[in-house]
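Q: What follows is query19.txt, made up of compact mmCIF, C-alpha atoms:
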# COMPACT_ATOMS: atom_id res chain seq x y z
CA MET V 118 -47.20 106.76 178.50
CA ALA V 119 -48.23 103.35 177.16
CA ASP V 120 -45.63 101.10 175.60
CA LYS V 121 -45.88 99.89 171.98
CA THR V 122 -48.33 97.16 172.97
CA GLY V 123 -50.70 99.66 174.57
CA ALA V 124 -50.11 98.49 178.14
CA LEU V 125 -49.17 101.06 180.77
CA PRO V 126 -45.74 100.43 182.39
CA LEU V 127 -45.80 98.52 185.68
CA ALA V 128 -44.53 101.53 187.65
CA THR V 129 -47.30 103.70 186.25
CA ARG V 130 -49.96 101.15 187.11
CA ALA V 131 -48.54 100.73 190.63
CA GLY V 132 -48.61 104.50 191.08
CA ARG V 133 -52.24 104.63 190.01
CA ILE V 134 -53.15 101.89 192.47
CA LEU V 135 -51.47 103.79 195.33
CA GLN V 136 -53.09 107.03 194.27
CA ARG V 137 -56.51 105.38 194.20
CA PHE V 138 -55.89 103.84 197.62
CA GLY V 139 -55.02 107.26 199.03
CA PHE V 140 -58.13 108.82 197.53
CA SER V 141 -60.27 106.06 199.04
CA LEU V 142 -58.49 106.43 202.39
CA PHE V 143 -59.09 110.16 202.77
CA SER V 144 -62.35 110.64 200.91
CA GLY V 145 -64.46 108.44 203.17
CA GLY V 146 -67.53 107.59 201.15
CA ASP V 147 -70.56 105.42 201.78
CA GLY V 148 -70.64 101.68 202.19
CA LEU V 149 -68.22 99.05 203.38
CA ILE V 150 -66.40 98.66 200.04
CA ASP V 151 -65.19 101.32 197.62
CA TRP V 152 -66.16 99.64 194.34
CA TYR V 153 -64.49 102.36 192.28
CA GLU V 154 -61.21 101.43 193.96
CA VAL V 155 -61.90 97.71 193.43
CA SER V 156 -62.58 98.04 189.69
CA GLY V 157 -59.76 100.47 188.95
CA THR V 158 -57.21 98.50 190.94
CA ALA V 159 -58.22 95.23 189.26
CA ILE V 160 -57.93 96.73 185.77
CA ASP V 161 -54.49 98.17 186.56
CA VAL V 162 -53.28 94.84 187.95
CA GLY V 163 -54.68 93.04 184.89
CA GLY V 164 -52.42 95.21 182.74
CA GLU V 165 -54.31 94.58 179.52
CA ASP V 166 -52.72 95.96 176.36
CA TRP V 167 -54.53 97.02 173.19
CA SER V 168 -53.97 93.74 171.37
CA GLN V 169 -55.50 91.78 174.27
CA ALA V 170 -58.47 94.13 174.52
CA SER V 171 -59.39 93.46 170.89
CA VAL V 172 -61.07 90.05 170.83
CA ASP V 173 -61.28 88.21 167.51
CA PRO V 174 -64.90 88.67 166.34
CA GLY V 175 -64.97 85.08 165.13
CA ALA V 176 -64.16 83.72 168.59
CA ALA V 177 -67.77 83.81 169.80
CA GLY V 178 -68.98 81.57 166.97
CA GLU V 179 -66.04 79.22 167.42
CA PHE V 180 -66.64 78.72 171.15
CA GLU V 181 -70.39 78.40 170.64
CA GLU V 182 -69.65 75.54 168.26
CA TYR V 183 -67.48 73.88 170.91
CA VAL V 184 -70.19 74.27 173.57
CA ASN V 185 -72.82 72.82 171.26
CA ARG V 186 -70.54 69.94 170.35
CA VAL V 187 -69.70 68.84 173.90
CA SER V 188 -73.17 69.36 175.44
CA PRO V 189 -74.75 66.12 174.10
CA HIS V 190 -71.73 64.13 175.30
CA VAL V 191 -72.04 65.60 178.80
CA ALA V 192 -75.78 64.85 178.88
CA GLU V 193 -75.29 61.25 177.74
CA PHE V 194 -72.34 60.51 180.01
CA THR V 195 -73.67 62.11 183.20
CA GLY V 196 -77.37 61.37 182.81
CA LEU V 197 -78.13 64.97 183.81
CA SER V 198 -80.83 66.70 181.74
CA LEU V 199 -81.63 70.36 181.15
CA ALA V 200 -85.01 71.97 180.57
CA LYS V 201 -83.36 74.40 178.13
CA PRO V 202 -80.04 74.29 176.27
CA LEU V 203 -77.16 76.18 177.84
CA PRO V 204 -76.80 79.78 176.63
CA ALA V 205 -74.27 80.74 174.00
CA PRO V 206 -70.90 81.57 175.60
CA VAL V 207 -69.70 85.12 176.09
CA ILE V 208 -66.11 85.91 175.03
CA PHE V 209 -64.40 88.51 177.23
CA ASN V 210 -61.16 90.35 177.35
CA ARG V 211 -59.68 90.84 180.82
CA SER V 212 -61.22 94.24 181.50
CA GLU V 213 -64.68 93.02 180.48
CA TRP V 214 -64.34 90.01 182.77
CA ILE V 215 -63.25 92.28 185.64
CA VAL V 216 -66.31 94.52 185.24
CA THR V 217 -68.59 91.48 185.19
CA ALA V 218 -66.83 89.86 188.17
CA VAL V 219 -67.09 93.04 190.25
CA THR V 220 -70.78 93.45 189.36
CA ASN V 221 -71.54 89.85 190.33
CA LEU V 222 -69.42 89.84 193.49
CA ARG V 223 -70.80 93.10 194.86
CA PRO V 224 -74.10 91.80 196.31
CA LEU V 225 -72.42 88.62 197.56
CA LEU V 226 -69.60 90.41 199.42
CA GLU V 227 -71.87 93.11 200.76
CA SER V 228 -74.18 90.43 202.11
CA LEU V 229 -71.29 88.50 203.64
CA LEU V 230 -69.38 91.44 205.15
CA GLY V 231 -72.09 94.05 205.65
CA GLY V 232 -73.20 92.90 209.07
CA ILE V 233 -69.71 92.05 210.27
CA LEU V 234 -68.08 95.47 209.95
CA GLU V 235 -70.96 97.88 210.27
CA HIS V 236 -68.85 101.03 210.76
CA PRO V 237 -65.42 100.43 209.22
CA THR V 238 -62.69 103.01 209.58
CA HIS V 239 -61.51 104.80 206.43
CA LEU V 240 -58.29 102.77 206.57
CA LEU V 241 -60.11 99.44 206.79
CA ARG V 242 -62.52 100.42 204.00
CA ALA V 243 -59.64 101.43 201.72
CA ALA V 244 -57.70 98.27 202.60
CA ILE V 245 -60.64 96.00 201.84
CA GLY V 246 -61.23 97.68 198.47
CA ALA V 247 -57.55 97.46 197.54
CA GLU V 248 -57.30 93.81 198.58
CA ILE V 249 -60.38 92.75 196.60
CA GLY V 250 -59.15 94.69 193.57
CA LEU V 251 -55.71 93.10 193.74
CA VAL V 252 -57.21 89.60 193.91
CA ILE V 253 -59.65 90.17 191.03
CA GLY V 254 -56.92 91.78 188.95
CA TYR V 255 -54.58 88.85 189.53
CA LEU V 256 -57.31 86.37 188.62
CA SER V 257 -58.14 88.31 185.46
CA GLY V 258 -54.85 87.11 184.02
CA ARG V 259 -55.34 83.50 185.16
CA VAL V 260 -58.99 82.56 184.58
CA LEU V 261 -59.54 80.75 181.27
CA GLY V 262 -63.24 79.98 181.48
CA GLN V 263 -66.07 80.17 183.97
CA TYR V 264 -69.65 79.08 184.45
CA ASP V 265 -71.08 82.02 186.35
CA SER V 266 -74.36 81.40 188.13
CA PRO V 267 -76.24 84.17 189.97
CA LEU V 268 -76.42 83.63 193.71
CA MET V 269 -77.63 86.87 195.25
CA GLY V 270 -80.49 89.10 194.14
CA GLY V 271 -81.45 87.33 190.93
CA ALA V 272 -80.64 83.84 192.16
CA ALA V 273 -83.44 82.34 190.08
CA GLY V 274 -81.75 83.34 186.81
CA ARG V 275 -79.73 81.06 184.58
CA GLY V 276 -75.97 81.13 184.46
CA SER V 277 -73.59 82.20 181.73
CA ILE V 278 -70.51 80.63 180.19
CA TYR V 279 -67.51 82.93 179.92
CA PHE V 280 -64.22 82.43 178.11
CA ILE V 281 -61.40 84.95 178.61
CA HIS V 282 -59.84 85.05 175.17
CA PRO V 283 -56.44 86.70 175.82
CA ASN V 284 -55.68 84.26 178.63
CA ILE V 285 -56.53 81.29 176.41
CA LEU V 286 -54.30 82.63 173.62
CA GLU V 287 -51.46 83.22 176.07
CA ALA V 288 -51.77 79.71 177.58
CA GLU V 289 -51.78 78.11 174.13
CA ARG V 290 -48.67 80.03 173.13
CA ARG V 291 -46.75 79.57 176.38
CA LEU V 292 -47.57 75.86 176.81
CA ALA V 293 -47.58 74.88 173.11
CA LEU V 294 -51.17 73.58 173.28
CA ALA V 295 -53.18 72.72 170.16
CA PRO V 296 -55.90 75.41 170.09
CA ARG V 297 -58.79 73.20 168.93
CA ASP V 298 -58.19 70.45 171.49
CA PHE V 299 -57.50 72.89 174.31
CA ARG V 300 -60.64 74.91 173.61
CA LEU V 301 -62.80 71.80 173.41
CA TRP V 302 -61.29 70.72 176.72
CA LEU V 303 -62.16 74.08 178.30
CA ALA V 304 -65.67 73.93 176.86
CA LEU V 305 -66.15 70.46 178.32
CA HIS V 306 -65.19 71.73 181.79
CA GLU V 307 -67.54 74.72 181.76
CA VAL V 308 -70.43 72.85 180.11
CA THR V 309 -70.20 70.19 182.83
CA HIS V 310 -70.51 72.93 185.46
CA GLY V 311 -73.48 74.27 183.54
CA PHE V 312 -75.22 70.88 183.63
CA GLN V 313 -74.48 70.50 187.36
CA LEU V 314 -75.99 73.86 188.29
CA GLU V 315 -78.88 74.06 185.84
CA ALA V 316 -80.03 70.45 186.26
CA ASN V 317 -79.91 70.84 190.06
CA PRO V 318 -81.29 74.31 190.90
CA TRP V 319 -81.18 73.56 194.63
CA ILE V 320 -77.39 74.07 194.51
CA LYS V 321 -77.74 77.83 193.97
CA ASP V 322 -80.23 78.14 196.84
CA TYR V 323 -77.94 76.05 199.04
CA LEU V 324 -74.91 78.23 198.26
CA LYS V 325 -76.94 81.35 199.01
CA GLU V 326 -78.03 79.87 202.34
CA LEU V 327 -74.41 79.01 203.20
CA ILE V 328 -73.32 82.59 202.46
CA GLU V 329 -76.07 84.02 204.66
CA GLU V 330 -75.34 81.50 207.43
CA GLN V 331 -71.64 82.31 207.17
CA ALA V 332 -72.31 86.02 207.68
CA GLY V 333 -74.41 85.25 210.76
CA TYR V 334 -71.80 82.87 212.13
CA LEU V 335 -68.99 85.42 211.74
CA ARG V 336 -71.10 88.16 213.36
CA ALA V 337 -71.83 85.93 216.35
CA ARG V 338 -68.20 84.85 216.77
CA LEU V 339 -66.98 88.43 216.48
CA ALA V 340 -69.44 89.64 219.07
CA ARG V 341 -68.18 86.97 221.46
CA GLU V 342 -64.46 87.07 220.79
CA ALA V 343 -63.05 90.02 218.99
CA GLY V 344 -65.33 92.97 218.69
CA ASN V 345 -65.95 94.97 215.54
CA GLY V 346 -62.91 95.85 213.42
CA ILE V 347 -60.35 93.29 214.63
CA LEU V 348 -61.50 90.37 212.45
CA PHE V 349 -59.06 90.81 209.61
CA ALA V 350 -56.04 91.37 211.80
CA LYS V 351 -56.44 88.54 214.26
CA HIS V 352 -59.27 86.11 213.74
CA LEU V 353 -60.12 85.73 210.04
CA ARG V 354 -57.97 82.70 209.28
CA ARG V 355 -59.33 80.75 212.22
CA LEU V 356 -62.93 81.82 211.66
CA ILE V 357 -62.93 80.63 208.04
CA SER V 358 -61.18 77.35 208.79
CA PRO V 359 -63.35 74.37 207.74
CA GLU V 360 -62.16 72.56 210.87
CA GLU V 361 -63.78 75.22 213.08
CA ASN V 362 -66.48 76.69 210.87
CA PRO V 363 -69.34 74.32 209.89
CA MET V 364 -70.50 76.52 207.01
CA MET V 365 -67.02 76.56 205.49
CA ALA V 366 -66.83 72.78 205.84
CA LYS V 367 -70.10 72.41 203.90
CA ALA V 368 -69.00 74.93 201.27
CA GLN V 369 -65.63 73.23 200.80
CA ALA V 370 -67.27 69.83 200.40
CA LEU V 371 -69.70 71.19 197.82
CA MET V 372 -67.01 73.00 195.82
CA SER V 373 -64.81 69.89 195.86
CA VAL V 374 -67.66 67.79 194.48
CA LEU V 375 -68.49 70.36 191.78
CA GLU V 376 -64.87 70.60 190.63
CA GLY V 377 -64.06 66.91 191.03
CA TYR V 378 -67.16 65.81 189.12
CA SER V 379 -66.17 68.08 186.24
CA GLU V 380 -62.61 66.73 186.28
CA TYR V 381 -63.91 63.16 186.16
CA VAL V 382 -66.22 63.92 183.23
CA MET V 383 -63.39 65.66 181.38
CA GLU V 384 -61.07 62.69 181.84
CA THR V 385 -63.62 59.97 181.05
CA ALA V 386 -66.06 61.47 178.55
CA GLY V 387 -63.36 63.64 177.01
CA VAL V 388 -61.84 60.63 175.28
CA ASP V 389 -64.76 60.58 172.80
CA ILE V 390 -64.43 64.30 172.10
CA ILE V 391 -60.74 65.15 172.23
CA GLY V 392 -58.94 61.84 172.55
CA ASP V 393 -56.59 61.52 175.49
CA SER V 394 -57.13 64.77 177.38
CA SER V 395 -54.71 63.73 180.12
CA ASP V 396 -51.88 65.38 178.16
CA ILE V 397 -53.58 68.77 178.48
CA ALA V 398 -54.23 68.24 182.19
CA ALA V 399 -50.63 67.15 182.73
CA VAL V 400 -49.23 70.22 180.94
CA LEU V 401 -51.39 72.57 183.01
CA ASP V 402 -50.56 70.76 186.23
CA GLU V 403 -46.84 70.98 185.51
CA ALA V 404 -47.20 74.69 184.71
CA ARG V 405 -48.90 75.27 188.09
CA ARG V 406 -46.24 73.34 190.01
CA SER V 407 -43.34 75.08 188.26
CA LYS V 408 -44.47 78.62 189.06
CA SER V 409 -41.97 80.84 190.79
CA ARG V 410 -42.01 81.18 194.58
CA PRO V 411 -43.61 84.66 194.55
CA TYR V 412 -46.48 83.42 192.36
CA GLN V 413 -46.94 80.37 194.59
CA LEU V 414 -47.09 82.63 197.63
CA ILE V 415 -49.68 84.89 196.00
CA GLU V 416 -51.84 81.93 195.07
CA ARG V 417 -51.65 80.54 198.59
CA LEU V 418 -52.67 83.92 200.00
CA ILE V 419 -55.75 84.18 197.77
CA GLY V 420 -56.72 80.54 198.15
CA LEU V 421 -55.90 79.10 194.72
CA ASP V 422 -53.94 76.29 196.36
CA ILE V 423 -57.17 75.30 198.14
CA LYS V 424 -58.97 75.22 194.80
CA MET V 425 -56.34 72.88 193.39
CA ARG V 426 -56.78 70.55 196.35
CA GLN V 427 -60.53 70.67 195.77
CA TYR V 428 -60.02 69.46 192.20
CA ARG V 429 -57.97 66.52 193.41
CA SER V 430 -60.01 65.44 196.42
CA GLY V 431 -63.30 65.87 194.56
CA TYR V 432 -62.01 63.92 191.57
CA LEU V 433 -60.88 60.98 193.71
CA PHE V 434 -64.22 60.98 195.52
CA ILE V 435 -66.30 60.93 192.31
CA LYS V 436 -64.03 58.36 190.67
CA GLN V 437 -64.37 55.95 193.59
CA ALA V 438 -68.13 56.44 193.66
CA ALA V 439 -68.40 55.85 189.90
CA ASP V 440 -66.12 52.81 190.11
CA ALA V 441 -68.39 51.38 192.82
CA GLY V 442 -71.75 52.03 191.18
CA GLY V 443 -71.43 53.98 187.95
CA MET V 444 -72.68 57.50 187.36
CA SER V 445 -76.05 56.60 188.89
CA LEU V 446 -74.31 56.23 192.26
CA ALA V 447 -72.08 59.29 191.78
CA ASN V 448 -75.16 61.33 190.80
CA LEU V 449 -76.72 60.74 194.22
CA VAL V 450 -74.70 63.78 195.34
CA TRP V 451 -77.18 65.88 193.32
CA ARG V 452 -80.25 64.67 195.24
CA GLY V 453 -79.94 67.49 197.77
CA PRO V 454 -77.78 68.92 200.59
CA GLY V 455 -78.29 65.82 202.72
CA ASN V 456 -76.51 63.70 200.12
CA MET V 457 -73.44 65.91 199.98
CA PRO V 458 -70.38 64.24 201.55
CA THR V 459 -68.93 65.59 204.75
CA LEU V 460 -65.24 66.49 204.69
CA THR V 461 -64.54 63.15 206.34
CA GLU V 462 -66.54 61.31 203.66
CA LEU V 463 -64.79 63.31 200.96
CA SER V 464 -61.50 61.77 202.02
CA ARG V 465 -63.15 58.40 202.75
CA PRO V 466 -65.60 57.84 199.86
CA ASP V 467 -66.35 54.32 201.15
CA LEU V 468 -68.15 55.90 204.13
CA TRP V 469 -70.34 58.01 201.83
CA ILE V 470 -71.03 55.02 199.56
CA ALA V 471 -72.12 52.95 202.57
CA ARG V 472 -74.40 55.77 203.72
CA MET V 473 -75.99 56.04 200.28
CA PHE V 474 -76.68 52.31 200.11
CA LYS V 475 -78.33 52.48 203.55
CA THR V 476 -80.64 55.36 202.58
CA GLN V 477 -81.80 54.01 199.20
Here is a file; write its structure as structure tokens.
A:
Amino acid sequence: MADKTGALPLATRAGRILQRFGFSLFSGGDGLIDWYEVSGTAIDVGGEDWSQASVDPGAAGEFEEYVNRVSPHVAEFTGLSLAKPLPAPVIFNRSEWIVTAVTNLRPLLESLLGGILEHPTHLLRAAIGAEIGLVIGYLSGRVLGQYDSPLMGGAAGRGSIYFIHPNILEAERRLALAPRDFRLWLALHEVTHGFQLEANPWIKDYLKELIEEQAGYLRARLAREAGNGILFAKHLRRLISPEENPMMAKAQALMSVLEGYSEYVMETAGVDIIGDSSDIAAVLDEARRSKSRPYQLIERLIGLDIKMRQYRSGYLFIKQAADAGGMSLANLVWRGPGNMPTLTELSRPDLWIARMFKTQ
């Protein structure tokens, strides 16, 4: 029975997750991933109550106004231009975001894993579905906004801006953030990602190529070292290490630049829109660092600690490039894959700057 908020008790949701895992384990089914298990598990982990599921109908117009307000500032500050304005944002509750995330991740994960584990056991199939569902469910309570750009299948399409309303409301309440300033700050972050990806369409093709190359690389390494079915137990961590895997090194450098560029724009251009946005960043950073040990462990296991390091290293890289030659120099990263920094250059921006001056 649901409690007075409409959320099922934790024990009930845990029982449903285990029941779904057992059904997936013994029913077999087609395909590498049981997407029914993924979606159901994620929704149970998200634990959305009735009040969260009901999004304020005025929120869409409010966030559209914020997106429209910050877009000209991003264009002027960055020098990036769009052929068409960014689309109006979509306001989700957690369950709606989960359904969209699963739909968008399905072709990507099937492409990445499909050739690696061609004939998974029922146990491995159930475990993969449960693990993906647990991660998506956990993220459904953490993600505030997202610029989602199609990578597989319809890679030529334009992206979408999402805001997850209940998570924004909860963050504002828990951290005592002024709603207008915080929402403008979030809009600035996602709009900057929109400009990056839509003004530089090669990025989506490059990411797709990296995913396909990654799948081929893992297949080849497995064939040599482990054999089918042992990857997750023994070799995954090493095979996805940027130090050993060239595709992961390229992907990590790209993601660091994307996130760091957005952070730099938020800090520098945000002054004209919000005032001093460093207070918001400081509050969020303190909230991340003060999380309990179990939450920190979870976030390390699913890679959120890596994402935080990407923000920092990418920000320092873009800042040093902009300090040396303004946004025109920093924007050379958007000329194509060859202008992306290596991981070494990411930590030593002076090396990348010297390379750019030599090639101009």
Q: Of the residues V:Leu225, V:Leu197, V:Leu327, V:Val162, which is the one nearest to V:Ser445, using all atoms listed in the file?
A: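 Answer, going by the shortest atom-to-atom distance: V:Leu197.
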Q: Dump as JSON lines the rows for residues of stretch 156-263 of chain V within 12 Å of stretch 286-290 of chain V: closest atom pair and distance in Å with one decimal, only C-alpha atoms counted, ordered by chain and rising residue number.
A:
{"residue": "V:Ser168", "atom": "CA", "partner": "V:Leu286", "partner_atom": "CA", "distance": 11.3}
{"residue": "V:Gln169", "atom": "CA", "partner": "V:Leu286", "partner_atom": "CA", "distance": 9.3}
{"residue": "V:Val172", "atom": "CA", "partner": "V:Leu286", "partner_atom": "CA", "distance": 10.4}
{"residue": "V:Asp173", "atom": "CA", "partner": "V:Leu286", "partner_atom": "CA", "distance": 10.8}
{"residue": "V:Ala176", "atom": "CA", "partner": "V:Leu286", "partner_atom": "CA", "distance": 11.1}
{"residue": "V:Asn210", "atom": "CA", "partner": "V:Leu286", "partner_atom": "CA", "distance": 11.0}
{"residue": "V:Gly258", "atom": "CA", "partner": "V:Glu287", "partner_atom": "CA", "distance": 9.5}
{"residue": "V:Arg259", "atom": "CA", "partner": "V:Ala288", "partner_atom": "CA", "distance": 9.2}
{"residue": "V:Val260", "atom": "CA", "partner": "V:Ala288", "partner_atom": "CA", "distance": 10.5}
{"residue": "V:Leu261", "atom": "CA", "partner": "V:Ala288", "partner_atom": "CA", "distance": 8.7}
Q: Distance atom CA of V:Met383-atom CA of V:Ala438, one decimal place?
A: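 Value for the atom CA of V:Met383-atom CA of V:Ala438 distance: 16.1 Å.
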Q: Just how far from atom CA of V:Leu222 is atom CA of V:Glu326, in Å to one decimal?
A: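 Atom-to-atom, atom CA of V:Glu326 and atom CA of V:Leu222 are spaced 15.9 Å apart.
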Q: Between atom CA of V:Met473 and atom CA of V:Lys367, what is the distance, to one decimal in Å?
A: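 These atoms are spaced 17.8 Å apart.
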Q: Using all atoms listed in the file for the distances, tell me which of V:Leu375, V:Leu226, V:Ile391, V:Ile160 is nearest to V:Asn317.
A: V:Leu375
Q: Please determine, counting all atoms listed in the file, which residue among V:Trp152, V:Trp302, V:Tyr381, V:Trp451 has the shortest atom-to-atom distance to V:Ile245.
A: V:Trp152
Q: Within 8 Å of V:Tyr432, counting all atoms listed in the file, which residues qualify if same-chain residues fewer than 6 places away don't, as a list in words?
A: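 Selected residues are Ser373, Val374, Glu376, Gly377, Tyr378, Ser379, Glu380 and Tyr381 of chain V.
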Q: With a distance cut-off of 9 Å and all atoms listed in the file, select the neighbouring residues of V:Leu256, excluding the residue or stretch itself and same-chain residues fewer than 6 positions from it, and output the selection as a list in words.
A: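 The contact residues come out as Ala159, Gly163 and Ile215 of chain V.
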Q: Extract, using all atoms listed in the file, all DNA, RNA and protein residues at most 9 Å from stretch 198-200 of chain V, discarding same-chain residues fewer than 5 positions from it, and format them as a ChimeraX atom specification.
A: /V:192-193,312,315-316
Q: Within 12 Å of stretch 180-187 of chain V, which residues of stretch 221-292 of chain V come that close, and what is the closest atom pair and distance in Å for each? Count all atoms listed in the file and give it as CSV.
A:
residue,atom,partner,partner_atom,distance
V:Gly262,CA,V:Phe180,CA,10.9
V:Tyr264,CA,V:Val184,CA,11.9
V:Ser277,CA,V:Val184,CA,11.9
V:Ile278,CA,V:Val184,CA,9.2
V:Tyr279,CA,V:Phe180,CA,9.8
V:Phe280,CA,V:Phe180,CA,8.2
V:Ile281,CA,V:Phe180,CA,11.0
V:His282,CA,V:Phe180,CA,10.1
V:Ile285,CA,V:Phe180,CA,11.7
Q: Between V:Glu179, V:Asp161, V:Glu248, V:Glu462, which residue has the minimum interatomic distance to V:Ala366, considering all atoms listed in the file?
A: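 Answer, going by the shortest atom-to-atom distance: V:Glu462.
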Q: Go through V:Leu305, V:Arg297, V:His239, V:Leu251 and flag the residue nearest V:Glu384, using all atoms listed in the file for the distances.
A: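 Residue with the minimum atom-to-atom distance to V:Glu384: V:Leu305.
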Q: Considering only C-alpha atoms, state which residue in the set V:Ala304, V:Leu460, V:Ala170, V:Leu446 is at the smallest distance from V:Glu213.
A: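 Going through V:Ala304, V:Leu460, V:Ala170, V:Leu446 one by one, the smallest distance to V:Glu213 is for V:Ala170.
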